[in-house]
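Q: mmCIF, C-alpha atoms, saved as start-v5.cif, coming up:
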```cif
data_data
#
loop_
_atom_site.label_atom_id
_atom_site.label_comp_id
_atom_site.auth_asym_id
_atom_site.auth_seq_id
_atom_site.Cartn_x
_atom_site.Cartn_y
_atom_site.Cartn_z
CA MET A 1 -23.76 45.04 -5.01
CA ASN A 2 -27.11 45.62 -3.28
CA LYS A 3 -28.79 45.98 -6.67
CA PHE A 4 -27.26 42.65 -7.79
CA LEU A 5 -28.49 40.88 -4.64
CA SER A 6 -31.94 42.36 -5.10
CA LEU A 7 -32.11 41.07 -8.67
CA LEU A 8 -30.82 37.67 -7.59
CA ILE A 9 -33.39 37.36 -4.81
CA ALA A 10 -36.15 38.57 -7.10
CA GLY A 11 -35.26 35.92 -9.66
CA VAL A 12 -34.47 32.96 -7.41
CA LEU A 13 -37.06 33.32 -4.64
CA PRO A 14 -40.11 32.72 -6.87
CA LEU A 15 -38.43 29.59 -8.24
CA LEU A 16 -37.79 28.27 -4.74
CA VAL A 17 -41.36 28.98 -3.67
CA ALA A 18 -42.73 27.32 -6.80
CA GLY A 19 -40.50 24.31 -6.25
CA CYS A 20 -41.65 23.91 -2.66
CA ALA A 21 -45.28 24.35 -3.60
CA GLY A 22 -44.97 21.64 -6.23
CA LYS A 23 -43.74 19.03 -3.75
CA ALA A 24 -46.32 16.57 -2.49
CA PRO A 25 -46.39 16.28 1.30
CA ALA A 26 -44.38 13.31 2.51
CA GLY A 27 -46.51 10.40 3.62
CA PRO A 28 -45.78 8.08 6.53
CA SER A 29 -42.76 5.79 6.20
CA LEU A 30 -43.31 2.06 5.77
CA ASP A 31 -42.07 1.52 9.32
CA ASP A 32 -44.62 4.07 10.57
CA VAL A 33 -47.38 2.20 8.74
CA PHE A 34 -46.28 -1.12 10.23
CA ALA A 35 -46.08 0.38 13.72
CA SER A 36 -49.45 2.15 13.63
CA ARG A 37 -51.62 -0.43 11.85
CA ARG A 38 -53.97 -2.15 14.26
CA SER A 39 -57.10 -4.27 14.09
CA ILE A 40 -59.66 -1.58 14.94
CA ARG A 41 -62.87 -2.48 16.76
CA ALA A 42 -64.32 1.02 17.29
CA TYR A 43 -64.94 3.45 14.40
CA ASP A 44 -65.66 7.17 14.19
CA ALA A 45 -69.20 7.63 12.87
CA GLY A 46 -68.43 11.23 11.92
CA LYS A 47 -65.86 10.28 9.27
CA THR A 48 -66.75 8.62 6.01
CA VAL A 49 -64.83 6.83 3.27
CA THR A 50 -65.53 7.78 -0.34
CA GLU A 51 -65.63 5.66 -3.47
CA ALA A 52 -62.62 7.60 -4.77
CA GLN A 53 -60.63 6.59 -1.70
CA VAL A 54 -61.59 2.94 -2.11
CA ARG A 55 -60.57 3.09 -5.77
CA GLU A 56 -57.17 4.50 -4.78
CA LEU A 57 -56.86 1.74 -2.20
CA MET A 58 -57.76 -0.97 -4.70
CA ALA A 59 -55.30 0.38 -7.27
CA ALA A 60 -52.53 -0.14 -4.71
CA VAL A 61 -53.80 -3.63 -3.86
CA GLN A 62 -53.39 -4.62 -7.51
CA ASN A 63 -49.63 -4.45 -6.94
CA ALA A 64 -49.77 -7.48 -4.62
CA PRO A 65 -47.94 -10.57 -5.91
CA SER A 66 -49.85 -13.68 -6.94
CA TRP A 67 -49.11 -17.13 -8.37
CA ALA A 68 -48.01 -16.66 -12.02
CA ASN A 69 -49.68 -13.22 -11.86
CA GLN A 70 -53.09 -14.93 -11.85
CA GLN A 71 -54.54 -12.11 -9.72
CA PRO A 72 -57.31 -14.32 -8.29
CA SER A 73 -58.50 -11.90 -5.60
CA LYS A 74 -61.78 -10.02 -5.99
CA TYR A 75 -63.47 -7.46 -3.75
CA TYR A 76 -67.12 -6.52 -3.28
CA VAL A 77 -67.53 -3.13 -1.61
CA ALA A 78 -70.51 -2.16 0.52
CA LEU A 79 -70.59 1.65 0.66
CA SER A 80 -74.30 2.43 0.69
CA ALA A 81 -76.18 2.47 3.99
CA GLU A 82 -78.43 -0.35 2.74
CA LYS A 83 -75.58 -2.70 1.83
CA ARG A 84 -73.60 -1.90 4.97
CA ALA A 85 -76.63 -2.67 7.13
CA ALA A 86 -77.09 -5.98 5.32
CA VAL A 87 -73.44 -6.97 5.79
CA LEU A 88 -73.64 -6.15 9.50
CA GLU A 89 -76.20 -8.95 9.85
CA MET A 90 -73.78 -11.43 8.28
CA ILE A 91 -70.64 -11.04 10.43
CA GLY A 92 -71.58 -12.64 13.72
CA GLY A 93 -70.13 -11.27 16.95
CA ASN A 94 -68.31 -8.40 15.26
CA LYS A 95 -71.54 -6.57 14.42
CA GLU A 96 -71.45 -4.15 17.35
CA ARG A 97 -67.71 -3.52 17.04
CA VAL A 98 -67.82 -2.34 13.44
CA ALA A 99 -71.30 -0.81 13.29
CA GLU A 100 -69.85 2.65 12.60
CA ALA A 101 -67.37 1.57 9.92
CA SER A 102 -67.76 3.46 6.63
CA ALA A 103 -67.46 0.49 4.30
CA PHE A 104 -67.18 -3.29 4.20
CA LEU A 105 -65.09 -5.13 1.65
CA VAL A 106 -65.84 -8.79 0.96
CA SER A 107 -62.66 -10.54 -0.09
CA THR A 108 -62.80 -13.57 -2.41
CA PHE A 109 -60.53 -15.54 -4.73
CA GLU A 110 -61.19 -17.42 -7.97
CA THR A 111 -60.62 -21.16 -7.55
CA GLY A 112 -58.54 -23.23 -9.95
CA LYS A 113 -56.07 -20.44 -10.74
CA SER A 114 -53.32 -20.01 -8.18
CA GLY A 115 -51.61 -23.35 -7.58
CA PHE A 116 -52.67 -24.74 -10.96
CA PHE A 117 -51.04 -25.25 -14.35
CA ARG A 118 -53.16 -26.14 -17.37
CA GLY A 119 -56.02 -27.04 -15.09
CA GLN A 120 -54.02 -29.37 -12.85
CA GLN A 121 -52.89 -28.48 -9.34
CA THR A 122 -49.11 -28.36 -9.13
CA ASN A 123 -48.67 -29.56 -5.55
CA GLU A 124 -50.63 -30.79 -2.53
CA ILE A 125 -51.75 -27.30 -1.49
CA GLY A 126 -53.93 -26.71 -4.56
CA ASP A 127 -56.44 -23.91 -4.02
CA GLY A 128 -54.69 -23.11 -0.76
CA TRP A 129 -52.46 -20.96 -2.98
CA GLY A 130 -55.51 -18.92 -3.92
CA ALA A 131 -56.16 -18.28 -0.23
CA TYR A 132 -52.47 -17.44 0.18
CA ASP A 133 -52.64 -14.91 -2.66
CA ASN A 134 -55.81 -13.44 -1.20
CA GLY A 135 -54.01 -12.99 2.10
CA LEU A 136 -51.21 -11.13 0.33
CA SER A 137 -53.76 -8.84 -1.33
CA ASN A 138 -55.43 -8.21 2.02
CA ALA A 139 -52.06 -7.39 3.58
CA TYR A 140 -51.50 -4.75 0.91
CA LEU A 141 -55.03 -3.49 1.55
CA VAL A 142 -54.71 -2.99 5.30
CA LEU A 143 -51.26 -1.39 4.99
CA LYS A 144 -52.29 1.00 2.21
CA ALA A 145 -55.42 1.90 4.15
CA ARG A 146 -53.30 2.82 7.14
CA ALA A 147 -50.94 4.87 4.94
CA MET A 148 -54.03 6.80 3.79
CA GLY A 149 -55.03 7.42 7.42
CA MET A 150 -57.77 4.80 7.50
CA ASP A 151 -58.21 1.69 9.59
CA THR A 152 -59.40 -1.88 9.12
CA LEU A 153 -60.55 -5.08 10.78
CA ILE A 154 -60.30 -8.41 8.95
CA MET A 155 -63.19 -10.63 10.01
CA GLY A 156 -63.36 -14.38 9.51
CA MET A 157 -66.76 -14.80 11.18
CA ARG A 158 -69.18 -14.34 8.28
CA ASP A 159 -72.08 -16.04 6.53
CA SER A 160 -70.49 -16.83 3.18
CA GLU A 161 -73.66 -17.98 1.44
CA ALA A 162 -75.61 -14.90 2.55
CA LEU A 163 -72.78 -12.68 1.32
CA ARG A 164 -72.69 -14.60 -1.96
CA ALA A 165 -76.39 -13.93 -2.49
CA LEU A 166 -76.15 -10.26 -1.45
CA PHE A 167 -73.34 -9.44 -3.89
CA SER A 168 -74.09 -12.07 -6.58
CA ILE A 169 -70.67 -13.64 -6.05
CA PRO A 170 -70.06 -16.44 -8.60
CA GLU A 171 -69.82 -20.02 -7.38
CA GLU A 172 -66.24 -20.32 -8.70
CA GLU A 173 -65.11 -17.75 -6.13
CA THR A 174 -64.36 -18.70 -2.52
CA VAL A 175 -65.53 -16.13 0.02
CA MET A 176 -62.72 -15.43 2.48
CA ALA A 177 -63.00 -12.41 4.78
CA VAL A 178 -65.07 -9.31 5.36
CA ILE A 179 -62.89 -6.25 5.99
CA ALA A 180 -64.26 -3.24 7.85
CA LEU A 181 -62.90 0.11 6.62
CA GLY A 182 -63.13 3.46 8.36
CA TYR A 183 -61.41 5.68 10.90
CA ARG A 184 -60.49 4.68 14.43
CA ALA A 185 -62.57 6.21 17.21
CA GLN A 186 -59.80 5.75 19.78
CA GLU A 187 -56.17 4.73 19.95
CA PRO A 188 -55.83 0.97 20.44
CA LYS A 189 -53.32 -0.70 22.70
CA GLU A 190 -50.14 -2.09 21.20
CA PRO A 191 -50.36 -5.90 21.09
CA VAL A 192 -47.74 -8.12 22.69
CA HIS A 193 -45.70 -10.01 20.11
CA ARG A 194 -44.12 -13.40 20.61
CA PRO A 195 -40.33 -13.40 21.02
CA LEU A 196 -38.67 -13.32 17.61
CA ASP A 197 -36.76 -16.54 18.23
CA GLU A 198 -40.05 -18.39 18.65
CA VAL A 199 -41.13 -17.57 15.13
CA VAL A 200 -37.84 -17.37 13.22
CA LYS A 201 -35.24 -20.14 12.99
CA PHE A 202 -31.81 -19.56 11.51
CA PHE A 203 -29.67 -22.39 10.11
#
```
Spell out the structure here as structure tokens.
A:
Amino acid sequence: MNKFLSLLIAGVLPLLVAGCAGKAPAGPSLDDVFASRRSIRAYDAGKTVTEAQVRELMAAVQNAPSWANQQPSKYYVALSAEKRAAVLEMIGGNKERVAEASAFLVSTFETGKSGFFRGQQTNEIGDGWGAYDNGLSNAYLVLKARAMGMDTLIMGMRDSEALRALFSIPEEETVMAVIALGYRAQEPKEPVHRPLDEVVKFF
């Protein structure tokens, strides 16, 4: 009997170990990502974001929905010290808050796509649907970044024409936001949310 158990253990144990070793570590749950994502205004200068990480992030963002799958959102990524320094001069009062961020992503959308059919806008919102789709893409971006352990700040104060010149952004694209990307330097406070019944109406 002891010999049988020894053979069984010898045969099964390596399989169990191999199986465990092959499992990818579980990431945070979606609820964890929602709960821990914050608009971060202080970044850790000692931690950097790589191009490979941004590529992984962008691959996830491509899953965001858009009008008729037009995929109008585009991103221009400042990773080099030179480009990051230039962007810092174009974001107004947020400059000091995000000075240590590892990257800046300029978010744009192509006009005349979302909200249009055969070149004609389909309702009164028109290119507002492009901005809507860009917001969806940015939502995927900030949530995926948090799932990867990174942090973000979406900034609406920016010099769009200076950014257009810096990144050679075509005229047919509308510049929306600049998104800081990096790692939080400290834990932020949890914001106070409005009562649910103020924002949701049931009928």
Q: Please evaluate the PyMOL selection byres ((chain A and resi 107-114) around 8) against the structure above and give the resulting residues as a ChimeraX atom specification.
A: /A:66-68,70,72-76,105-106,115-117,119,121,126-127,129-131,133-134,138,172-179
Q: Given the file shown, enumerate the residues that the PyMOL selection byres ((chain A and resi 48) around 7) captures and present them as a PyMOL selection string.
A: chain A and resi 46-47+49-50+102+182
Q: For C-alpha atoms, I'd like the residues from the last selection saved as a tab-separated table (two decimals), in the frame of the given file.
A:
```
chain	number	residue	atom	x	y	z
A	46	GLY	CA	-68.43	11.23	11.92
A	47	LYS	CA	-65.86	10.28	9.27
A	49	VAL	CA	-64.83	6.83	3.27
A	50	THR	CA	-65.53	7.78	-0.34
A	102	SER	CA	-67.76	3.46	6.63
A	182	GLY	CA	-63.13	3.46	8.36
```
Q: Grab the CA of Thr122 in chain A to CA of Tyr140 in chain A distance for me, in Å with one decimal place.
A: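 Pair CA of Thr122 in chain A / CA of Tyr140 in chain A returns 25.8 Å.
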Q: Run the PyMOL selection byres ((chain A and resi 142-156) around 10) mentally over the shown coordinates, then write out the matched residues as a VMD selection string, using the chain letters and numbers from the document.
A: chain A and resid 27 to 30 32 to 34 36 to 43 47 to 49 53 to 54 56 to 61 91 to 94 97 to 98 101 103 to 107 137 to 141 157 to 160 175 to 185
Q: Skip Glu161 in chain A itself and residues of its chain fewer than 6 positions away, then list as a PyMOL selection string all residues within 10 Å of it, counting only C-alpha atoms.
A: chain A and resi 90+168-169+171+175
Q: Go ahead and compute the interatomic distance for CA of Ala81 in chain A and CA of Glu187 in chain A, in Å to one decimal.
A: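 So the two atoms, CA of Ala81 in chain A and CA of Glu187 in chain A, lie 25.7 Å apart.
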Q: Between CA of Glu51 in chain A and CA of Leu79 in chain A, what distance in Å does the model show, to one decimal?
A: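 Distance between the two atoms: 7.6 Å.
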